[in-house]
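**Q** Data: upload-v5.pdb, PDB, C-alpha atoms, pLDDT in the B column.
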ATOM      1  CA  MET A   1       6.490  19.512 -30.609  1.00 59.00           C
ATOM      2  CA  LYS A   2       8.710  21.894 -28.684  1.00 62.00           C
ATOM      3  CA  THR A   3       5.674  23.141 -26.748  1.00 63.00           C
ATOM      4  CA  ILE A   4       4.654  19.602 -25.786  1.00 60.00           C
ATOM      5  CA  SER A   5       8.190  18.819 -24.572  1.00 57.00           C
ATOM      6  CA  TYR A   6       8.192  22.028 -22.563  1.00 55.00           C
ATOM      7  CA  LEU A   7       4.824  21.170 -20.939  1.00 50.00           C
ATOM      8  CA  ILE A   8       5.982  17.642 -20.092  1.00 57.00           C
ATOM      9  CA  MET A   9       9.170  18.970 -18.483  1.00 56.00           C
ATOM     10  CA  LEU A  10       7.215  21.580 -16.547  1.00 51.00           C
ATOM     11  CA  SER A  11       4.735  18.933 -15.346  1.00 54.00           C
ATOM     12  CA  ILE A  12       7.557  16.676 -14.172  1.00 54.00           C
ATOM     13  CA  LEU A  13       9.156  19.579 -12.320  1.00 48.00           C
ATOM     14  CA  VAL A  14       5.894  20.516 -10.582  1.00 46.00           C
ATOM     15  CA  VAL A  15       5.264  16.920  -9.501  1.00 42.00           C
ATOM     16  CA  ALA A  16       8.843  16.505  -8.277  1.00 44.00           C
ATOM     17  CA  VAL A  17       8.708  19.674  -6.204  1.00 45.00           C
ATOM     18  CA  SER A  18       5.317  18.849  -4.688  1.00 42.00           C
ATOM     19  CA  CYS A  19       6.407  15.302  -3.773  1.00 41.00           C
ATOM     20  CA  ASN A  20       9.527  16.479  -1.987  1.00 48.00           C
ATOM     21  CA  GLU A  21       8.192  18.568   0.846  1.00 53.00           C
ATOM     22  CA  VAL A  22      11.203  20.445   2.074  1.00 54.00           C
ATOM     23  CA  LYS A  23      11.250  21.343   5.738  1.00 59.00           C
ATOM     24  CA  THR A  24      12.869  24.661   6.503  1.00 73.00           C
ATOM     25  CA  LYS A  25      14.932  25.159   9.625  1.00 69.00           C
ATOM     26  CA  ALA A  26      12.081  27.265  11.032  1.00 67.00           C
ATOM     27  CA  ASP A  27       9.558  24.463  10.325  1.00 75.00           C
ATOM     28  CA  CYS A  28      11.793  21.957  12.108  1.00 84.00           C
ATOM     29  CA  GLN A  29      12.180  24.291  15.073  1.00 87.00           C
ATOM     30  CA  ASP A  30       8.388  24.728  15.280  1.00 90.00           C
ATOM     31  CA  ASP A  31       7.953  20.930  15.203  1.00 93.00           C
ATOM     32  CA  LYS A  32      10.612  20.439  17.862  1.00 95.00           C
ATOM     33  CA  GLU A  33       8.904  22.995  20.104  1.00 96.00           C
ATOM     34  CA  ALA A  34       5.550  21.256  19.561  1.00 96.00           C
ATOM     35  CA  ILE A  35       7.115  17.933  20.610  1.00 97.00           C
ATOM     36  CA  GLU A  36       8.744  19.563  23.653  1.00 97.00           C
ATOM     37  CA  ASN A  37       5.277  20.859  24.558  1.00 97.00           C
ATOM     38  CA  LEU A  38       3.785  17.379  24.101  1.00 98.00           C
ATOM     39  CA  LEU A  39       6.396  15.906  26.466  1.00 98.00           C
ATOM     40  CA  GLU A  40       5.782  18.685  28.998  1.00 98.00           C
ATOM     41  CA  ASN A  41       2.044  17.948  28.780  1.00 97.00           C
ATOM     42  CA  TYR A  42       2.809  14.284  29.470  1.00 97.00           C
ATOM     43  CA  ILE A  43       4.438  15.353  32.738  1.00 97.00           C
ATOM     44  CA  LEU A  44       1.640  17.772  33.637  1.00 98.00           C
ATOM     45  CA  ALA A  45      -1.043  15.191  32.859  1.00 97.00           C
ATOM     46  CA  ASN A  46       0.609  12.678  35.180  1.00 97.00           C
ATOM     47  CA  GLU A  47       1.223  15.218  37.937  1.00 97.00           C
ATOM     48  CA  ASN A  48      -2.376  16.466  37.822  1.00 97.00           C
ATOM     49  CA  GLN A  49      -3.914  13.087  37.019  1.00 97.00           C
ATOM     50  CA  ASP A  50      -5.529  14.774  34.036  1.00 97.00           C
ATOM     51  CA  PHE A  51      -6.906  11.855  32.059  1.00 95.00           C
ATOM     52  CA  ASP A  52      -8.273  14.048  29.248  1.00 96.00           C
ATOM     53  CA  LEU A  53      -4.798  15.485  28.672  1.00 97.00           C
ATOM     54  CA  ILE A  54      -3.246  11.984  28.734  1.00 96.00           C
ATOM     55  CA  GLU A  55      -5.792  10.859  26.154  1.00 95.00           C
ATOM     56  CA  SER A  56      -4.964  13.805  23.869  1.00 96.00           C
ATOM     57  CA  ILE A  57      -1.248  12.969  24.029  1.00 96.00           C
ATOM     58  CA  TRP A  58      -1.556   9.375  22.789  1.00 97.00           C
ATOM     59  CA  ALA A  59      -2.673   8.254  19.331  1.00 96.00           C
ATOM     60  CA  ASP A  60      -6.010   6.451  19.562  1.00 92.00           C
ATOM     61  CA  ASP A  61      -4.775   3.346  17.762  1.00 93.00           C
ATOM     62  CA  GLU A  62      -4.510  -0.349  18.523  1.00 94.00           C
ATOM     63  CA  ASP A  63      -0.878  -0.546  17.379  1.00 95.00           C
ATOM     64  CA  ILE A  64       0.587   1.987  19.836  1.00 97.00           C
ATOM     65  CA  ILE A  65       2.721   0.549  22.603  1.00 96.00           C
ATOM     66  CA  LEU A  66       4.016   1.495  26.042  1.00 97.00           C
ATOM     67  CA  TYR A  67       6.682  -0.478  27.872  1.00 96.00           C
ATOM     68  CA  GLY A  68       6.620   0.339  31.575  1.00 91.00           C
ATOM     69  CA  THR A  69       9.123  -0.300  34.330  1.00 89.00           C
ATOM     70  CA  ALA A  70       7.714  -3.681  35.404  1.00 88.00           C
ATOM     71  CA  SER A  71       9.055  -6.693  33.504  1.00 87.00           C
ATOM     72  CA  ASP A  72       5.554  -7.672  32.339  1.00 89.00           C
ATOM     73  CA  GLU A  73       4.356  -4.147  31.549  1.00 91.00           C
ATOM     74  CA  ARG A  74       3.897  -4.268  27.771  1.00 95.00           C
ATOM     75  CA  LEU A  75       0.780  -2.275  26.994  1.00 96.00           C
ATOM     76  CA  MET A  76      -0.419  -2.638  23.403  1.00 96.00           C
ATOM     77  CA  GLY A  77      -3.183  -0.372  22.101  1.00 95.00           C
ATOM     78  CA  TRP A  78      -4.886   2.650  23.567  1.00 94.00           C
ATOM     79  CA  GLN A  79      -7.337   0.591  25.670  1.00 94.00           C
ATOM     80  CA  SER A  80      -4.499  -1.206  27.528  1.00 95.00           C
ATOM     81  CA  ILE A  81      -2.679   2.065  28.159  1.00 95.00           C
ATOM     82  CA  GLN A  82      -5.907   3.728  29.303  1.00 94.00           C
ATOM     83  CA  ASP A  83      -6.623   0.903  31.768  1.00 95.00           C
ATOM     84  CA  ALA A  84      -3.107   1.050  33.253  1.00 94.00           C
ATOM     85  CA  ILE A  85      -3.175   4.826  33.644  1.00 95.00           C
ATOM     86  CA  THR A  86      -6.611   4.691  35.278  1.00 95.00           C
ATOM     87  CA  GLU A  87      -5.295   2.111  37.750  1.00 95.00           C
ATOM     88  CA  GLN A  88      -2.138   4.154  38.413  1.00 94.00           C
ATOM     89  CA  PHE A  89      -4.136   7.329  39.076  1.00 96.00           C
ATOM     90  CA  GLY A  90      -6.200   5.383  41.624  1.00 96.00           C
ATOM     91  CA  LEU A  91      -3.104   4.230  43.524  1.00 96.00           C
ATOM     92  CA  ILE A  92      -0.753   7.206  43.709  1.00 97.00           C
ATOM     93  CA  THR A  93      -1.049  10.867  44.710  1.00 97.00           C
ATOM     94  CA  ASP A  94       1.077  13.990  44.998  1.00 97.00           C
ATOM     95  CA  THR A  95       3.104  13.278  41.872  1.00 97.00           C
ATOM     96  CA  TYR A  96       5.985  15.552  40.941  1.00 98.00           C
ATOM     97  CA  ILE A  97       8.091  14.866  37.847  1.00 98.00           C
ATOM     98  CA  SER A  98      11.136  16.743  36.604  1.00 98.00           C
ATOM     99  CA  SER A  99      12.863  16.126  33.292  1.00 97.00           C
ATOM    100  CA  SER A 100      16.403  16.653  32.040  1.00 97.00           C
ATOM    101  CA  ASN A 101      18.731  15.627  29.213  1.00 98.00           C
ATOM    102  CA  GLN A 102      15.984  15.904  26.612  1.00 98.00           C
ATOM    103  CA  PHE A 103      16.850  14.880  23.044  1.00 98.00           C
ATOM    104  CA  ILE A 104      14.452  15.140  20.083  1.00 97.00           C
ATOM    105  CA  LYS A 105      15.213  14.134  16.485  1.00 96.00           C
ATOM    106  CA  LEU A 106      12.837  14.585  13.542  1.00 96.00           C
ATOM    107  CA  ASN A 107      12.926  12.388  10.466  1.00 94.00           C
ATOM    108  CA  CYS A 108      13.672  14.002   7.096  1.00 88.00           C
ATOM    109  CA  THR A 109      10.004  14.371   6.114  1.00 88.00           C
ATOM    110  CA  GLY A 110       8.984  15.903   9.424  1.00 90.00           C
ATOM    111  CA  ASN A 111       6.127  13.501  10.190  1.00 95.00           C
ATOM    112  CA  THR A 112       7.879  11.296  12.750  1.00 97.00           C
ATOM    113  CA  ALA A 113      10.294  12.005  15.586  1.00 98.00           C
ATOM    114  CA  TRP A 114      11.954  10.129  18.403  1.00 98.00           C
ATOM    115  CA  PHE A 115      12.925  11.379  21.820  1.00 98.00           C
ATOM    116  CA  ALA A 116      14.823  10.499  24.961  1.00 98.00           C
ATOM    117  CA  GLU A 117      14.883  12.216  28.328  1.00 98.00           C
ATOM    118  CA  THR A 118      15.582  11.509  31.975  1.00 98.00           C
ATOM    119  CA  LEU A 119      12.804  11.823  34.547  1.00 97.00           C
ATOM    120  CA  ASN A 120      12.843  12.076  38.310  1.00 97.00           C
ATOM    121  CA  TYR A 121       9.421  10.719  39.262  1.00 95.00           C
ATOM    122  CA  ASN A 122       8.233  11.385  42.826  1.00 97.00           C
ATOM    123  CA  TYR A 123       4.860  10.312  44.238  1.00 97.00           C
ATOM    124  CA  MET A 124       2.970   9.108  47.299  1.00 97.00           C
ATOM    125  CA  TYR A 125       1.767   5.502  47.509  1.00 96.00           C
ATOM    126  CA  LYS A 126      -0.150   4.393  50.613  1.00 96.00           C
ATOM    127  CA  ASP A 127       0.991   7.561  52.414  1.00 95.00           C
ATOM    128  CA  VAL A 128       4.664   6.741  51.784  1.00 97.00           C
ATOM    129  CA  ALA A 129       6.909   8.925  49.624  1.00 97.00           C
ATOM    130  CA  ASN A 130       8.432   7.060  46.667  1.00 96.00           C
ATOM    131  CA  SER A 131      10.696   8.097  43.870  1.00 95.00           C
ATOM    132  CA  TYR A 132      12.300   6.867  40.695  1.00 93.00           C
ATOM    133  CA  GLU A 133      15.493   8.786  40.045  1.00 94.00           C
ATOM    134  CA  SER A 134      17.030   8.949  36.571  1.00 95.00           C
ATOM    135  CA  MET A 135      14.147   7.087  34.919  1.00 96.00           C
ATOM    136  CA  ARG A 136      14.677   6.844  31.185  1.00 97.00           C
ATOM    137  CA  PHE A 137      11.757   7.910  29.023  1.00 97.00           C
ATOM    138  CA  THR A 138      12.122   7.244  25.307  1.00 98.00           C
ATOM    139  CA  GLY A 139       9.659   7.001  22.486  1.00 98.00           C
ATOM    140  CA  VAL A 140       8.334   7.864  19.082  1.00 98.00           C
ATOM    141  CA  VAL A 141       5.869  10.594  18.173  1.00 98.00           C
ATOM    142  CA  GLU A 142       4.015  10.963  14.911  1.00 97.00           C
ATOM    143  CA  ARG A 143       2.176  13.840  13.298  1.00 97.00           C
ATOM    144  CA  ILE A 144      -1.385  12.641  12.750  1.00 95.00           C
ATOM    145  CA  ASP A 145      -3.893  15.066  11.268  1.00 94.00           C
ATOM    146  CA  GLY A 146      -1.463  17.921  11.926  1.00 94.00           C
ATOM    147  CA  LYS A 147      -0.997  17.076  15.628  1.00 96.00           C
ATOM    148  CA  TRP A 148       1.977  15.396  17.344  1.00 98.00           C
ATOM    149  CA  VAL A 149       0.996  12.324  19.411  1.00 98.00           C
ATOM    150  CA  LEU A 150       2.794   9.473  21.145  1.00 98.00           C
ATOM    151  CA  VAL A 151       2.781   6.169  19.275  1.00 98.00           C
ATOM    152  CA  GLN A 152       5.483   4.342  21.258  1.00 98.00           C
ATOM    153  CA  ALA A 153       7.062   4.930  24.661  1.00 98.00           C
ATOM    154  CA  HIS A 154       9.401   3.095  26.984  1.00 97.00           C
ATOM    155  CA  LEU A 155      10.132   3.812  30.624  1.00 96.00           C
ATOM    156  CA  SER A 156      13.114   2.089  32.192  1.00 95.00           C
ATOM    157  CA  LEU A 157      15.237   2.342  35.294  1.00 93.00           C
ATOM    158  CA  PRO A 158      19.022   2.228  35.338  1.00 89.00           C
ATOM    159  CA  ALA A 159      20.677  -0.763  36.980  1.00 84.00           C
ATOM    160  CA  LEU A 160      21.700  -0.240  40.576  1.00 75.00           C
ATOM    161  CA  ASP A 161      25.308   0.896  40.916  1.00 67.00           C
ATOM    162  CA  GLY A 162      27.620  -1.979  41.643  1.00 61.00           C
ATOM    163  CA  ILE A 163      25.484  -4.715  40.103  1.00 59.00           C
ATOM    164  CA  GLY A 164      27.601  -6.720  37.747  1.00 55.00           C
ATOM    165  CA  ASP A 165      30.848  -5.270  39.082  1.00 53.00           C
ATOM    166  CA  LYS A 166      33.462  -7.869  40.003  1.00 51.00           C
TER
END
Take the structure in the file and write it out as structure tokens.

**A**
Amino acid sequence: MKTISYLIMLSILVVAVSCNEVKTKADCQDDKEAIENLLENYILANENQDFDLIESIWADDEDIILYGTASDERLMGWQSIQDAITEQFGLITDTYISSSNQFIKLNCTGNTAWFAETLNYNYMYKDVANSYESMRFTGVVERIDGKWVLVQAHLSLPALDGIGDK
């Protein structure tokens, strides 16, 4: 009877330990660096109009979402995002993007993270230089099949200084 009790306790302990994957500080740092790399690749893909890289950054799902800077720019699913990016790449050239104020936070299980950063987005449109300064880029990334990918993103622009001031 004592042996059976011992085996039951040991089994419970093994199951409990295996169900509670504990992330070490080193694991979290590796994940954070992988997400930083993903966000850097997002910038490089846009600068170089590298559609294959863009495609590898986003999850290929119908429930991913991207909110753009236009009031009606709510892109749901990979196909909608793909269409918008294809159109954008056909309209703009000479893109240069710099990022700052990056923040990344992983959830306790290490399979989801959220981020925020500021982008300065410069490009040519119809031979005229344009720029978005202090664009806010926020979103959610998820580890799918061992790889970090975007599942939600939001680009927004700060209100013009003085608007709303009395």

**Q** From the options A:Thr24, A:Thr138, A:Thr86, A:Thr69, which residue's atoms come nearest to Asp52 in chain A, counting only C-alpha atoms?

**A**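 Closest candidate: A:Thr86.
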
**Q** Pick out the residues sitting within 8 Å of Glu117 in chain A, and hand them over as a short mmCIF file (atom, residue, chain, number, x, y, z; two decimals) with C-alpha atoms, in the frame of the given file; count only C-alpha atoms, and ignore anything fewer than 6 positions along from it in its own chain.

**A**
data_model
loop_
_atom_site.label_atom_id
_atom_site.label_comp_id
_atom_site.auth_asym_id
_atom_site.auth_seq_id
_atom_site.Cartn_x
_atom_site.Cartn_y
_atom_site.Cartn_z
CA SER A 99 12.86 16.13 33.29
CA SER A 100 16.40 16.65 32.04
CA ASN A 101 18.73 15.63 29.21
CA GLN A 102 15.98 15.90 26.61
CA PHE A 103 16.85 14.88 23.04
CA ARG A 136 14.68 6.84 31.18
CA PHE A 137 11.76 7.91 29.02
CA THR A 138 12.12 7.24 25.31
#

**Q** Neighbourhood query: residues within 8 Å of (12.6, 0.0, 31.0), file coordinates, counting all atoms listed in the file; return as a ChimeraX atom specification.

**A** /A:67-71,136,154-157

**Q** So how many Å separate CA of Ser131 in chain A and CA of Leu119 in chain A, to one decimal?

**A**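 Atom-to-atom, CA of Ser131 in chain A to CA of Leu119 in chain A, that is 10.3 Å.
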
**Q** Rounded to one decimal place, report the CA of Leu91 in chain A-CA of Asn46 in chain A distance in Å.

**A**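 Separating CA of Leu91 in chain A from CA of Asn46 in chain A is a distance of 12.4 Å.
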
**Q** Could you tell me how far CA of Thr112 in chain A lies from CA of Val149 in chain A, in Å and to one decimal?

**A** 9.6 Å

**Q** Run through the PyMOL selection byres ((chain A and resi 106) around 10) on the given coordinates and return the selected residues as a list in words.

**A** Cys28, Gln29, Asp31, Lys32, Ile35, Ile104, Lys105, Asn107, Cys108, Thr109, Gly110, Asn111, Thr112, Ala113, Trp114, Phe115, Val140, Val141 and Glu142 of chain A

**Q** Can you tell me, as lines of an AutoDock Vina configuration file, the centre and edge lengths (Å, one decimal) of the axis-aligned box enclosing all of range 52-59 of chain A's listed atoms after padding each side by 3 Å?

**A**
center_x = -4.8
center_y = 11.9
center_z = 24.3
size_x = 13.0
size_y = 13.2
size_z = 15.9

**Q** From the list A:Glu36, A:Ser134, A:Asn120, A:Lys126, which residue is nearest Gly90 in chain A when using only C-alpha atoms?

**A** A:Lys126

**Q** Once the PyMOL selection byres ((chain A and resi 80) around 12) has been applied to the shown file, what residues remain in the selection, as a PyMOL selection string?

**A** chain A and resi 58+60-68+73-79+81-87

**Q** Quick one: of A:Ile97, A:Ile144, A:Val128, A:Met135, who's nearest to Tyr42 in chain A, counting only C-alpha atoms?

**A**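 Comparing A:Ile97, A:Ile144, A:Val128, A:Met135 against Tyr42 in chain A, the winner is A:Ile97.
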
**Q** Hey, what's within 8 Å of range 146-148 of chain A if we count only C-alpha atoms and toss same-chain stuff fewer than 6 positions away? As a VMD selection string, please?

**A** chain A and resid 34 to 35 38 57

**Q** So, counting only C-alpha atoms, which residue among A:Thr93, A:Thr118, A:Gln152, A:Asn130 is closest to Glu47 in chain A?

**A**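 When distances to Glu47 in chain A are compared using only C-alpha atoms, the smallest one comes from A:Thr93.
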
**Q** Counting all atoms listed in the file, note down every residue that has an atom within 7 Å of the point (5.8, 10.2, 40.4) (file coordinates), as a list in words.

**A**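 Residues with an atom at most 7 Å from (5.8, 10.2, 40.4): Thr95, Tyr96, Ile97, Tyr121, Asn122, Tyr123 and Ser131 of chain A.
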
**Q** Check the smallest atom-to-atom distance from each of A:Asp72, A:Asp27, A:Glu33, A:Asp94 to Gln49 in chain A using only C-alpha atoms, then report the winner.

**A**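 Nearest to Gln49 in chain A: A:Asp94.
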
**Q** I need the residue nearest Ser56 in chain A from this list: A:Ala129, A:Ile92, A:Leu160, A:Leu150. Use only C-alpha atoms for the distance.

**A**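 Among the listed residues, A:Leu150 lies closest to Ser56 in chain A.
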
**Q** Restore N, CA and C atoms in range 25-48 of chain A and list the result as a compact mmCIF listing (two decimals), in the frame of the given file.

**A**
# COMPACT_ATOMS: atom_id res chain seq x y z
N LYS A 25 14.41 25.19 8.26
CA LYS A 25 14.93 25.16 9.62
C LYS A 25 13.88 25.69 10.60
N ALA A 26 13.13 26.70 10.18
CA ALA A 26 12.08 27.26 11.03
C ALA A 26 10.96 26.25 11.25
N ASP A 27 10.58 25.50 10.19
CA ASP A 27 9.56 24.46 10.32
C ASP A 27 10.01 23.40 11.32
N CYS A 28 11.25 22.98 11.20
CA CYS A 28 11.79 21.96 12.11
C CYS A 28 11.81 22.46 13.54
N GLN A 29 12.16 23.72 13.73
CA GLN A 29 12.18 24.29 15.07
C GLN A 29 10.77 24.34 15.65
N ASP A 30 9.78 24.72 14.82
CA ASP A 30 8.39 24.73 15.28
C ASP A 30 7.94 23.33 15.68
N ASP A 31 8.31 22.31 14.88
CA ASP A 31 7.95 20.93 15.20
C ASP A 31 8.63 20.49 16.50
N LYS A 32 9.88 20.82 16.65
CA LYS A 32 10.61 20.44 17.86
C LYS A 32 9.96 21.07 19.09
N GLU A 33 9.57 22.32 18.99
CA GLU A 33 8.90 23.00 20.10
C GLU A 33 7.55 22.35 20.40
N ALA A 34 6.84 21.93 19.36
CA ALA A 34 5.55 21.26 19.56
C ALA A 34 5.75 19.92 20.28
N ILE A 35 6.82 19.21 19.95
CA ILE A 35 7.12 17.93 20.61
C ILE A 35 7.56 18.17 22.05
N GLU A 36 8.37 19.20 22.27
CA GLU A 36 8.74 19.56 23.65
C GLU A 36 7.50 19.85 24.48
N ASN A 37 6.54 20.55 23.89
CA ASN A 37 5.28 20.86 24.56
C ASN A 37 4.49 19.57 24.85
N LEU A 38 4.46 18.66 23.90
CA LEU A 38 3.78 17.38 24.10
C LEU A 38 4.39 16.63 25.29
N LEU A 39 5.73 16.60 25.36
CA LEU A 39 6.40 15.91 26.47
C LEU A 39 6.16 16.61 27.80
N GLU A 40 6.11 17.93 27.78
CA GLU A 40 5.78 18.68 29.00
C GLU A 40 4.34 18.38 29.42
N ASN A 41 3.44 18.29 28.46
CA ASN A 41 2.04 17.95 28.78
C ASN A 41 1.92 16.54 29.35
N TYR A 42 2.78 15.63 28.90
CA TYR A 42 2.81 14.28 29.47
C TYR A 42 3.11 14.36 30.97
N ILE A 43 4.09 15.18 31.33
CA ILE A 43 4.44 15.35 32.74
C ILE A 43 3.28 16.00 33.50
N LEU A 44 2.74 17.08 32.96
CA LEU A 44 1.64 17.77 33.64
C LEU A 44 0.42 16.88 33.81
N ALA A 45 0.11 16.09 32.79
CA ALA A 45 -1.04 15.19 32.86
C ALA A 45 -0.86 14.16 33.97
N ASN A 46 0.35 13.65 34.11
CA ASN A 46 0.61 12.68 35.18
C ASN A 46 0.61 13.34 36.55
N GLU A 47 1.20 14.51 36.65
CA GLU A 47 1.22 15.22 37.94
C GLU A 47 -0.19 15.57 38.40
N ASN A 48 -1.03 16.01 37.49
CA ASN A 48 -2.38 16.47 37.82
C ASN A 48 -3.44 15.38 37.66
